Amino acid sequence: MAHESARPRKAGAFDIRLIIALLIGVYGVVLTVMGIAFTTEADRDKAAGVNINLWAGIGMLVFTALFVLWAVLRPITVPAEAGDAPAEGE
C-alpha cells in the first residue's frame, strides 16, 4: 500500500518565485496605474518625453508573468525526509 507522503510534494505557496512575483506585480500595477492616470506633461518632460512609470510598470508585469509561468511549469519538489518514509513491512 503506497503512502501519500511517498510522493514528492510541491513547495506551493512557499515557492520564493511566487513571493517575488507577488511583490513585483504589486509594484507593477501601481506604476502602471500611475503612468496611465497620474503622469503629467511636466513629468514626461523630466524623463526625456518617456512615460517612465508606464513603461516600468509594464516591464514589471511582464517579469511577474514570466516568474509565475516558470513556477507553474517547473515546480519545486520537496524531497521526502527519512522520517516520512514508510517502515519496512507496512
# chains A, B, ... in the order shown; residues from 1 in each chain; ligands from 1
call {"tool": "select_by_dssp", "arguments": {"residues": "chain A", "states": "alpha helix (DSSP H)", "output": "ChimeraX atom specification"}}
result
/A:16-37,41-46,52-73
call {"tool": "atom_distance", "arguments": {"atom1": "atom CA of A:Val78", "atom2": "atom CA of A:Gly25"}}
result
25.8 Å
call {"tool": "atom_distance", "arguments": {"atom1": "atom CA of A:Thr40", "atom2": "atom CA of A:Ile52"}}
result
11.4 Å
call {"tool": "closest_residue", "arguments": {"among": "A:Arg74, A:Ile24, A:Ala42, A:Gly35", "to": "A:Met60", "atoms": "only C-alpha atoms"}}
result
A:Ile24
